[in-house]
Structure formats: C-alpha cells, structure tokens
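Colleague: Submitted below is the structure of interest, expressed as structure tokens.
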Amino acid sequence: MTYRLARWVVLFVFRVFWRPKVSGLENIPREGPVIVASNHLSFVDSVVIPLCVPRRVRFLAKAEYFEGRTLLGRLNAVFFRAVDAVPVRRDAARDSMASLETALGVLREGHAFGIYPEGTRSRDGRLYRGKTGVGWLALESGAPIVPVCVTGTNDVQPIGSKRLRIRPVRVQFAPVVDPTPWVEKVAASGGAGKARREITDAVMDAICAMSPQEQAGVYNERPAEDDDPVA
C-alpha cells in the first residue's frame with residue numbers, strides 16, 4: 001500500500017512537470033525475473049526508471065540511508081522504504097558479492113531488479129565500461145536483461161546539487177539480451193568469466209547505441225567521498 005501510494009503521487013508529479021519521453025516499453029517482460037540495466041547519470045535515475053516501468057523495479061541502496069537518526073535521516077529512510085529499495089552495505093569487496101547475492105534473491109522471487117553496470121554515477125557525463133556483476137546475475141538467474149538509456153537526468157539533478165530542475169528527460173528500453181546462449185555455453189564447456197564479460201559488453205553496447213554519451217573505454221571508479229545512495 002505504501003509503495004503504490006508513493007508511486008502514484010510521485011508519478012503524477014513526474015508526468016506533470018517533467019513530461020518524460022519513454023520508448024521501448026514493449027521490450028519489458030510483464031512477469032517473471034528481469035534485470036533492468038541502465039547507464040547512470042544522477043541519483044534521480046533510481047526514481048525515474050521505476051516510474052517508467054509498468055511493474056515494480058527494485059534497486060539496492062546503501063544501508064546507512066535506512067538507519068538515520070536525524071530528521072533528514074528518518075525522512076530518507078521513509079523514502080527508500082516507500083520505493084521498495086533493498087538495503088545493503090558496500091564497504092569492501094566482500095560486500096559487493098553480498099550485494100549481488102541479495103540481487104539474485106530478488107530475481108529468484110520473480111521480481112524486476114535494477115542495476116547500473118558502470119557501478120556508480122558518471123561525474124563527467126561519459127559512458128564507462130560495464131562491470132561484470134550484471135553478467136554474473138544473468139548467468140546465475142537465467143533472467144533476461146533489458147538495457148536502458150536515461151538522458152537528461154544529470155540536468156534535473158546535477159551531481160552535488162540537492163535541488164531538482166525542470167529539464168527534458170528521456171528513457172529508452174532496448175530489446176532484451178537473452179543470457180540463454182551463454183548459460184548453455186558455460187554448462188557445456190565452462191568459461192563463466194568470459195561469458196560474464198560478453199554478456200556485460202552486449203548490454204553496454206545496447207546502451208551505447210541509444211546514448212549520446214561519449215564512451216570512456218575504462219571503468220568508473222568511486223570517489224573517496226561517494227554520496228551516491230545507490231549501492
């Protein structure tokens with residue numbers, strides 16, 4: 001009930017003020033597990049994408065945002081619970097694996113899970129190389145992947161700003177990347193590491209084909225002071 005009410009209110013405001021242009025919704029499976037893999041330009045990506053998808057999409061969020069003691073901290077906790085985010089910690093390499101295991105649980109329950117293969121927001125506007133967690137999830141779950149390209153969200157809320165601006169937003173959903181051929185290849189002859197890389201590259205190629213971003217060709221590293229709430 002809380003999720004439906006929060007979605008309805010935010011969706012109404014979103015459509016009235018930002019009037020998003022959305023295409024490719026027919027590519028999203030209406031039921032069953034699915035991985036929604038997007039480029040990442042702004043914190044609001046994790047709000048915009050679920051509002052555009054006609055089914056619930058769950059993202060991971062830093063556990064600290066569910067544990068606030070101050071007024072702002074408690075408001076953050078209410079918000080992230082209302083949008084059905086999944087709390088995780090990401091302080092070390094082992095926490096990254098724990099995050100993927102948590103995401104796998106969401107998929108095994110038959111839900112849609114949102115992930116940013118770049119790992120964190122692009123601070124210079126370029127499209128970075130995808131990390132292979134999305135490939136691991138696809139191999140382990142067998143879930144199809146829908147590549148997504150968001151455009152304009154970095155103008156709605158630039159990095160470092162807490163204010164929202166009225167700017168054009170576009171969300172494009174590409175045809176699914178089906179992991180079945182890679183799953184069968186791994187089952188027949190091994191090579192899961194190569195398969196994870198190939199799946200990830202296929203997803204990022206699809207995003208790149210929709211995006212005006214320049215390709216960086218390297219991985220995006222988290223800054224020491226990372227204020228991205230999405231894990």
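The way I read the labels, and the way they are meant: chains A, B, ... in the order of the structure tokens, residue 1 as the first residue of every chain, and ligand 1 as the first ligand shown, with later ones counted on from there.
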Neighbours of A:Glu140 within 12 Å (only C-alpha atoms; same-chain residues fewer than 2 positions away dropped), as JSON, numbers by chain?

Modeller: {"A": [33, 35, 100, 101, 103, 104, 105, 107, 108, 133, 134, 135, 136, 137, 138, 142, 143, 144, 179, 180, 182, 183, 184, 186, 187, 192, 195, 196]}

Colleague: May I have the residues from that selection written out with N, CA, C and O atoms, as a tab-separated table (two decimals), in the first residue's frame?

Modeller:
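Dumped everything to part37.tsv:
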chain	number	residue	atom	x	y	z
A	33	PRO	N	11.30	-12.94	-13.57
A	33	PRO	CA	12.50	-12.17	-13.24
A	33	PRO	C	13.05	-11.46	-14.47
A	33	PRO	O	13.07	-12.01	-15.57
A	35	ILE	N	16.25	-8.31	-15.40
A	35	ILE	CA	17.27	-7.37	-14.96
A	35	ILE	C	17.15	-6.11	-15.80
A	35	ILE	O	17.19	-6.18	-17.03
A	100	LEU	N	25.38	-8.63	-4.74
A	100	LEU	CA	24.94	-9.45	-5.87
A	100	LEU	C	24.08	-10.62	-5.39
A	100	LEU	O	23.09	-10.98	-6.04
A	101	GLU	N	24.44	-11.22	-4.27
A	101	GLU	CA	23.63	-12.31	-3.72
A	101	GLU	C	22.24	-11.81	-3.34
A	101	GLU	O	21.23	-12.50	-3.56
A	103	ALA	N	20.71	-9.25	-4.74
A	103	ALA	CA	20.02	-9.01	-6.00
A	103	ALA	C	19.52	-10.33	-6.60
A	103	ALA	O	18.41	-10.40	-7.15
A	104	LEU	N	20.33	-11.36	-6.49
A	104	LEU	CA	19.94	-12.68	-7.01
A	104	LEU	C	18.68	-13.18	-6.30
A	104	LEU	O	17.79	-13.77	-6.92
A	105	GLY	N	18.59	-12.92	-4.99
A	105	GLY	CA	17.40	-13.31	-4.25
A	105	GLY	C	16.15	-12.61	-4.77
A	105	GLY	O	15.08	-13.21	-4.87
A	107	LEU	N	15.66	-11.58	-7.84
A	107	LEU	CA	15.32	-12.20	-9.13
A	107	LEU	C	14.69	-13.58	-8.94
A	107	LEU	O	13.75	-13.95	-9.65
A	108	ARG	N	15.20	-14.35	-8.00
A	108	ARG	CA	14.65	-15.69	-7.77
A	108	ARG	C	13.25	-15.66	-7.22
A	108	ARG	O	12.52	-16.65	-7.30
A	133	GLY	N	29.17	-7.68	-12.91
A	133	GLY	CA	28.13	-8.14	-11.99
A	133	GLY	C	26.82	-8.44	-12.69
A	133	GLY	O	26.11	-9.40	-12.36
A	134	VAL	N	26.48	-7.64	-13.70
A	134	VAL	CA	25.22	-7.87	-14.43
A	134	VAL	C	25.30	-9.20	-15.18
A	134	VAL	O	24.30	-9.93	-15.28
A	135	GLY	N	26.48	-9.53	-15.71
A	135	GLY	CA	26.64	-10.82	-16.38
A	135	GLY	C	26.53	-11.98	-15.40
A	135	GLY	O	25.94	-13.02	-15.71
A	136	TRP	N	27.10	-11.80	-14.20
A	136	TRP	CA	27.00	-12.83	-13.17
A	136	TRP	C	25.55	-13.08	-12.79
A	136	TRP	O	25.11	-14.23	-12.69
A	137	LEU	N	24.80	-12.00	-12.59
A	137	LEU	CA	23.39	-12.15	-12.24
A	137	LEU	C	22.60	-12.88	-13.32
A	137	LEU	O	21.76	-13.74	-13.04
A	138	ALA	N	22.89	-12.54	-14.58
A	138	ALA	CA	22.17	-13.17	-15.69
A	138	ALA	C	22.47	-14.67	-15.77
A	138	ALA	O	21.57	-15.49	-15.98
A	142	GLY	N	19.40	-16.74	-14.95
A	142	GLY	CA	18.78	-17.00	-16.24
A	142	GLY	C	17.84	-15.90	-16.67
A	142	GLY	O	17.14	-16.03	-17.68
A	143	ALA	N	17.80	-14.80	-15.92
A	143	ALA	CA	16.86	-13.72	-16.21
A	143	ALA	C	17.32	-12.92	-17.43
A	143	ALA	O	18.51	-12.65	-17.60
A	144	PRO	N	16.37	-12.52	-18.29
A	144	PRO	CA	16.73	-11.65	-19.41
A	144	PRO	C	17.11	-10.27	-18.91
A	144	PRO	O	16.70	-9.86	-17.82
A	179	PRO	N	20.29	-14.30	-21.89
A	179	PRO	CA	21.54	-14.97	-21.48
A	179	PRO	C	21.57	-16.46	-21.81
A	179	PRO	O	22.60	-17.11	-21.60
A	180	THR	N	20.47	-17.00	-22.36
A	180	THR	CA	20.38	-18.45	-22.58
A	180	THR	C	21.56	-19.02	-23.37
A	180	THR	O	22.13	-20.05	-22.97
A	182	TRP	N	24.62	-18.05	-23.54
A	182	TRP	CA	25.81	-18.07	-22.68
A	182	TRP	C	25.67	-19.10	-21.56
A	182	TRP	O	26.64	-19.77	-21.21
A	183	VAL	N	24.46	-19.24	-21.01
A	183	VAL	CA	24.22	-20.24	-19.97
A	183	VAL	C	24.50	-21.62	-20.52
A	183	VAL	O	25.17	-22.45	-19.88
A	184	GLU	N	24.02	-21.88	-21.73
A	184	GLU	CA	24.23	-23.19	-22.36
A	184	GLU	C	25.70	-23.42	-22.67
A	184	GLU	O	26.22	-24.52	-22.51
A	186	VAL	N	28.31	-22.13	-21.07
A	186	VAL	CA	29.03	-22.37	-19.82
A	186	VAL	C	28.76	-23.79	-19.32
A	186	VAL	O	29.66	-24.49	-18.85
A	187	ALA	N	27.49	-24.23	-19.43
A	187	ALA	CA	27.15	-25.58	-18.99
A	187	ALA	C	27.88	-26.64	-19.81
A	187	ALA	O	28.25	-27.70	-19.29
A	192	ALA	N	32.93	-19.36	-17.47
A	192	ALA	CA	31.93	-18.41	-16.96
A	192	ALA	C	32.45	-16.99	-16.96
A	192	ALA	O	31.70	-16.04	-17.19
A	195	ALA	N	32.02	-15.53	-20.32
A	195	ALA	CA	30.60	-15.34	-20.58
A	195	ALA	C	30.07	-14.10	-19.88
A	195	ALA	O	29.29	-13.33	-20.44
A	196	ARG	N	30.50	-13.88	-18.63
A	196	ARG	CA	30.07	-12.69	-17.89
A	196	ARG	C	30.51	-11.42	-18.62
A	196	ARG	O	29.76	-10.45	-18.72

Colleague: Run DSSP on the backbone and give me the residues of stretch 1-205 of chain A it puts in strand (DSSP E or B), as JSON, numbers by chain.

Modeller: {"A": [21, 22, 23, 34, 35, 36, 37, 38, 57, 58, 60, 61, 62, 86, 87, 88, 112, 113, 114, 115, 127, 145, 146, 147, 148, 149, 150, 151, 170, 171, 172, 173, 177]}

Colleague: Residues as selected, N, CA and C atoms, written as a tab-separated table (two decimals), in the first residue's frame, can you do that?

Modeller:
chain	number	residue	atom	x	y	z
A	21	LYS	N	9.80	11.48	-22.12
A	21	LYS	CA	9.60	10.75	-23.36
A	21	LYS	C	10.11	9.33	-23.13
A	22	VAL	N	9.23	8.37	-23.25
A	22	VAL	CA	9.56	6.97	-22.96
A	22	VAL	C	9.31	6.13	-24.20
A	23	SER	N	10.26	5.28	-24.54
A	23	SER	CA	10.09	4.40	-25.70
A	23	SER	C	10.61	3.00	-25.36
A	34	VAL	N	13.51	-10.24	-14.28
A	34	VAL	CA	14.14	-9.47	-15.35
A	34	VAL	C	15.13	-8.49	-14.74
A	35	ILE	N	16.25	-8.31	-15.40
A	35	ILE	CA	17.27	-7.37	-14.96
A	35	ILE	C	17.15	-6.11	-15.80
A	36	VAL	N	16.97	-4.98	-15.16
A	36	VAL	CA	16.88	-3.69	-15.85
A	36	VAL	C	18.22	-2.99	-15.66
A	37	ALA	N	19.02	-2.93	-16.74
A	37	ALA	CA	20.40	-2.43	-16.64
A	37	ALA	C	20.53	-1.10	-17.35
A	38	SER	N	20.90	-0.07	-16.60
A	38	SER	CA	20.90	1.30	-17.14
A	38	SER	C	22.23	2.01	-16.99
A	57	VAL	N	10.18	-2.25	-9.89
A	57	VAL	CA	11.62	-2.48	-10.08
A	57	VAL	C	12.33	-2.14	-8.78
A	58	ARG	N	13.12	-3.08	-8.27
A	58	ARG	CA	13.82	-2.85	-7.01
A	58	ARG	C	15.29	-2.58	-7.27
A	60	LEU	N	19.15	-1.62	-5.26
A	60	LEU	CA	19.88	-1.66	-4.00
A	60	LEU	C	20.17	-0.24	-3.55
A	61	ALA	N	20.17	-0.01	-2.25
A	61	ALA	CA	20.53	1.30	-1.70
A	61	ALA	C	21.39	1.07	-0.46
A	62	LYS	N	22.28	2.03	-0.19
A	62	LYS	CA	23.18	1.89	0.95
A	62	LYS	C	22.38	1.76	2.26
A	86	VAL	N	16.30	-2.00	-1.62
A	86	VAL	CA	16.84	-3.11	-0.83
A	86	VAL	C	18.12	-2.63	-0.15
A	87	PRO	N	18.16	-2.59	1.18
A	87	PRO	CA	19.36	-2.09	1.88
A	87	PRO	C	20.53	-3.07	1.84
A	88	VAL	N	21.71	-2.55	1.50
A	88	VAL	CA	22.93	-3.36	1.51
A	88	VAL	C	24.10	-2.49	1.96
A	112	ALA	N	11.55	-7.77	-10.80
A	112	ALA	CA	12.46	-6.99	-11.65
A	112	ALA	C	13.49	-6.32	-10.76
A	113	PHE	N	14.74	-6.39	-11.19
A	113	PHE	CA	15.82	-5.79	-10.41
A	113	PHE	C	16.58	-4.80	-11.26
A	114	GLY	N	16.84	-3.59	-10.72
A	114	GLY	CA	17.55	-2.55	-11.44
A	114	GLY	C	19.01	-2.50	-11.04
A	115	ILE	N	19.89	-2.36	-12.02
A	115	ILE	CA	21.33	-2.32	-11.76
A	115	ILE	C	22.01	-1.34	-12.70
A	127	LEU	N	30.15	7.58	-20.83
A	127	LEU	CA	29.64	6.24	-20.57
A	127	LEU	C	30.82	5.32	-20.31
A	145	ILE	N	17.88	-9.56	-19.70
A	145	ILE	CA	18.33	-8.22	-19.34
A	145	ILE	C	17.73	-7.22	-20.31
A	146	VAL	N	17.14	-6.15	-19.79
A	146	VAL	CA	16.64	-5.06	-20.62
A	146	VAL	C	17.59	-3.88	-20.47
A	147	PRO	N	18.39	-3.57	-21.51
A	147	PRO	CA	19.26	-2.39	-21.44
A	147	PRO	C	18.43	-1.11	-21.48
A	148	VAL	N	18.82	-0.14	-20.67
A	148	VAL	CA	18.07	1.11	-20.56
A	148	VAL	C	19.03	2.29	-20.73
A	149	CYS	N	18.56	3.31	-21.41
A	149	CYS	CA	19.33	4.55	-21.53
A	149	CYS	C	18.49	5.71	-21.00
A	150	VAL	N	18.99	6.38	-19.98
A	150	VAL	CA	18.34	7.60	-19.48
A	150	VAL	C	19.14	8.79	-19.97
A	151	THR	N	18.44	9.83	-20.38
A	151	THR	CA	19.06	11.05	-20.87
A	151	THR	C	18.41	12.25	-20.19
A	170	ARG	N	14.46	11.68	-21.04
A	170	ARG	CA	14.11	10.62	-21.98
A	170	ARG	C	14.57	9.29	-21.43
A	171	VAL	N	13.73	8.26	-21.57
A	171	VAL	CA	14.07	6.91	-21.13
A	171	VAL	C	13.78	5.95	-22.27
A	172	GLN	N	14.81	5.20	-22.68
A	172	GLN	CA	14.67	4.26	-23.78
A	172	GLN	C	15.00	2.84	-23.31
A	173	PHE	N	14.13	1.90	-23.68
A	173	PHE	CA	14.33	0.50	-23.32
A	173	PHE	C	14.63	-0.29	-24.59
A	177	VAL	N	18.44	-8.69	-23.80
A	177	VAL	CA	19.63	-9.52	-24.03
A	177	VAL	C	19.35	-10.83	-23.32

Colleague: Measuring atom to atom with only C-alpha atoms, identify which of A:Arg163, A:Ser189, A:Lys131, A:Leu139 is nearest to A:Asp201.

Modeller: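 Smallest distance to A:Asp201 is found for A:Lys131.
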
Colleague: Please, what distance in Å, to one decimal, runs between atom CA of A:Arg7 and atom CA of A:Tyr116?

Modeller: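 Interatomic distance, atom CA of A:Arg7 to atom CA of A:Tyr116: 21.2 Å.
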
Colleague: Which residues come within 10 Å of A:Cys208, counting only C-alpha atoms, excluding same-chain residues fewer than 3 positions away, as number ranges by chain?

Modeller: A: 39, 127-128, 147-149, 202-205, 211-215
